[in-house]
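Peer 1: The following block contains the structure, expressed as structure tokens.
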Amino acid sequence: MSRYRVVIATGAQTEIAEAVAYIAEHGSPAAAQRWLDELEALLAGMAAMPERFETAPESAYFTQGTLRRALHHSYRVLFTIDAQTVRVLHVRHGMRDELTKP
């Protein structure tokens with residue numbers, strides 16, 4: 001089975017850091033670390049078989065390929081697959097509005 005390289009966009013890295021800080025502040029530092037560890041496991045799974053994740057609703061007006069989503073607790077991980085690279089574009093809380101047309 002071929003493996004994909006997972007690349008996390010700068011904006012997604014910022015969103016991850018913000019989520020970890022929020023969980024640590026409103027939950028506990030231990031819960032934030034568990035959330036991050038589980039996210040890293042999800043990303044590792046994407047490296048093995050990213051096609052298993054469903055197409056995101058926003059993909060209808062996303063012009064750079066198919067936008068996919070993976071669910072991680074109450075967060076949505078939005079990504080594309082380009083050749084052998086998975087590009088994580090956003091990690092957004094599920095209560096946030098869907099992405100709109102650029």
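Chains: A, B, ... in order of the structure tokens. Residues: from 1 per chain. Ligands: from 1, in order shown.
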List as a ChimeraX atom specification the protein and nucleic acid residues near region 53-55 of chain A, meaning an atom at most 8 Å away when only C-alpha atoms are counted, but skip any in the same chain fewer than 4 places from it.
Peer 2: /A:59,66-70
Peer 1: I'd like to know which of A:Thr14, A:Thr80, A:Ser74, A:Thr63 is closest to Ala47 (chain A), using only C-alpha atoms.
Peer 2: A:Thr80
Peer 1: If you run DSSP over the backbone, which residues in chain A end up strand (DSSP E or B)? Put them as a list in words.
Peer 2: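 Strand (DSSP E or B) assignments inside chain A correspond to Arg5, Val6, Val7, Ile8, Thr55, Arg68, Arg69, Ala70, Leu71, His72, Tyr75, Arg76, Val77, Leu78, Phe79, Thr80, Ile81, Asp82, Thr85, Val86, Arg87, Val88, Leu89, His90, Val91, Arg92 and His93 of chain A.
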Peer 1: Calculate how many Å separate CA of Tyr22 (chain A) from CA of His90 (chain A), rounding to one decimal.
Peer 2: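 Interatomic distance here is 16.4 Å.
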Peer 1: Got a sec to tell me which of chain A DSSP assigns to alpha helix (DSSP H), as a PyMOL selection string?
Peer 2: chain A and resi 10-26+29-48
Peer 1: Could you take the residues named above and write them with N, CA and C atoms, as a short mmCIF file (atom, residue, chain, number, x, y, z; two decimals), in the first residue's frame?
Peer 2:
```
data_model
loop_
_atom_site.label_atom_id
_atom_site.label_comp_id
_atom_site.auth_asym_id
_atom_site.auth_seq_id
_atom_site.Cartn_x
_atom_site.Cartn_y
_atom_site.Cartn_z
N THR A 10 -0.19 26.34 7.02
CA THR A 10 0.08 27.25 8.13
C THR A 10 -1.21 27.63 8.86
N GLY A 11 -2.25 27.92 8.09
CA GLY A 11 -3.54 28.28 8.71
C GLY A 11 -4.09 27.15 9.56
N ALA A 12 -3.97 25.93 9.08
CA ALA A 12 -4.44 24.77 9.85
C ALA A 12 -3.60 24.58 11.10
N GLN A 13 -2.30 24.83 11.01
CA GLN A 13 -1.45 24.74 12.20
C GLN A 13 -1.90 25.74 13.26
N THR A 14 -2.26 26.94 12.82
CA THR A 14 -2.76 27.96 13.74
C THR A 14 -4.07 27.51 14.36
N GLU A 15 -4.97 26.97 13.55
CA GLU A 15 -6.25 26.49 14.07
C GLU A 15 -6.07 25.37 15.08
N ILE A 16 -5.12 24.48 14.85
CA ILE A 16 -4.83 23.40 15.79
C ILE A 16 -4.33 23.98 17.11
N ALA A 17 -3.40 24.92 17.03
CA ALA A 17 -2.87 25.54 18.26
C ALA A 17 -3.98 26.25 19.03
N GLU A 18 -4.87 26.93 18.32
CA GLU A 18 -5.99 27.61 18.97
C GLU A 18 -6.93 26.61 19.64
N ALA A 19 -7.19 25.49 18.98
CA ALA A 19 -8.06 24.47 19.56
C ALA A 19 -7.44 23.88 20.82
N VAL A 20 -6.15 23.58 20.76
CA VAL A 20 -5.45 23.02 21.93
C VAL A 20 -5.51 24.01 23.09
N ALA A 21 -5.27 25.29 22.82
CA ALA A 21 -5.32 26.30 23.88
C ALA A 21 -6.73 26.40 24.47
N TYR A 22 -7.75 26.37 23.62
CA TYR A 22 -9.14 26.46 24.09
C TYR A 22 -9.48 25.26 24.97
N ILE A 23 -9.13 24.07 24.52
CA ILE A 23 -9.44 22.86 25.28
C ILE A 23 -8.69 22.88 26.62
N ALA A 24 -7.44 23.32 26.61
CA ALA A 24 -6.67 23.38 27.84
C ALA A 24 -7.28 24.38 28.83
N GLU A 25 -7.77 25.50 28.30
CA GLU A 25 -8.33 26.55 29.17
C GLU A 25 -9.72 26.17 29.68
N HIS A 26 -10.55 25.59 28.83
CA HIS A 26 -11.93 25.30 29.20
C HIS A 26 -12.15 23.86 29.66
N PRO A 29 -5.42 20.72 30.62
CA PRO A 29 -4.25 20.47 29.77
C PRO A 29 -4.15 19.00 29.33
N ALA A 30 -4.56 18.09 30.20
CA ALA A 30 -4.50 16.67 29.84
C ALA A 30 -5.49 16.37 28.70
N ALA A 31 -6.68 16.96 28.75
CA ALA A 31 -7.66 16.76 27.68
C ALA A 31 -7.14 17.34 26.37
N ALA A 32 -6.48 18.49 26.44
CA ALA A 32 -5.91 19.11 25.24
C ALA A 32 -4.84 18.22 24.64
N GLN A 33 -4.01 17.62 25.48
CA GLN A 33 -2.95 16.73 24.98
C GLN A 33 -3.54 15.48 24.35
N ARG A 34 -4.60 14.93 24.96
CA ARG A 34 -5.28 13.76 24.37
C ARG A 34 -5.86 14.10 23.01
N TRP A 35 -6.50 15.28 22.91
CA TRP A 35 -7.09 15.72 21.65
C TRP A 35 -6.01 15.81 20.58
N LEU A 36 -4.87 16.39 20.93
CA LEU A 36 -3.76 16.53 19.98
C LEU A 36 -3.19 15.17 19.60
N ASP A 37 -3.01 14.29 20.57
CA ASP A 37 -2.49 12.94 20.27
C ASP A 37 -3.43 12.19 19.32
N GLU A 38 -4.73 12.31 19.57
CA GLU A 38 -5.71 11.64 18.71
C GLU A 38 -5.75 12.27 17.32
N LEU A 39 -5.57 13.58 17.23
CA LEU A 39 -5.49 14.23 15.92
C LEU A 39 -4.28 13.71 15.15
N GLU A 40 -3.15 13.59 15.83
CA GLU A 40 -1.95 13.07 15.17
C GLU A 40 -2.18 11.65 14.67
N ALA A 41 -2.92 10.84 15.42
CA ALA A 41 -3.24 9.48 14.97
C ALA A 41 -4.15 9.52 13.74
N LEU A 42 -5.11 10.44 13.73
CA LEU A 42 -5.98 10.60 12.57
C LEU A 42 -5.17 10.99 11.34
N LEU A 43 -4.25 11.92 11.50
CA LEU A 43 -3.41 12.35 10.38
C LEU A 43 -2.54 11.21 9.88
N ALA A 44 -2.06 10.38 10.78
CA ALA A 44 -1.27 9.21 10.37
C ALA A 44 -2.15 8.25 9.56
N GLY A 45 -3.41 8.12 9.94
CA GLY A 45 -4.35 7.30 9.18
C GLY A 45 -4.60 7.86 7.79
N MET A 46 -4.61 9.17 7.68
CA MET A 46 -4.76 9.81 6.37
C MET A 46 -3.59 9.45 5.47
N ALA A 47 -2.42 9.31 6.03
CA ALA A 47 -1.24 8.96 5.24
C ALA A 47 -1.38 7.57 4.62
N ALA A 48 -2.15 6.72 5.25
CA ALA A 48 -2.33 5.36 4.74
C ALA A 48 -3.45 5.27 3.71
#
```
Peer 1: Give me, please, the distance in Å between CA of Val6 (chain A) and CA of Ala83 (chain A), quoted to one decimal.
Peer 2: 11.5 Å
Peer 1: For the atom pair CA of Arg92 (chain A) and CA of Phe62 (chain A), what is the interatomic distance in Å to one decimal place?
Peer 2: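 Between these atoms lies a distance of 16.4 Å.
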Peer 1: Counting only C-alpha atoms, figure out which residue out of A:His93, A:Arg5, A:Val77, A:Ser28 gets nearest to Ala56 (chain A).
Peer 2: A:Val77
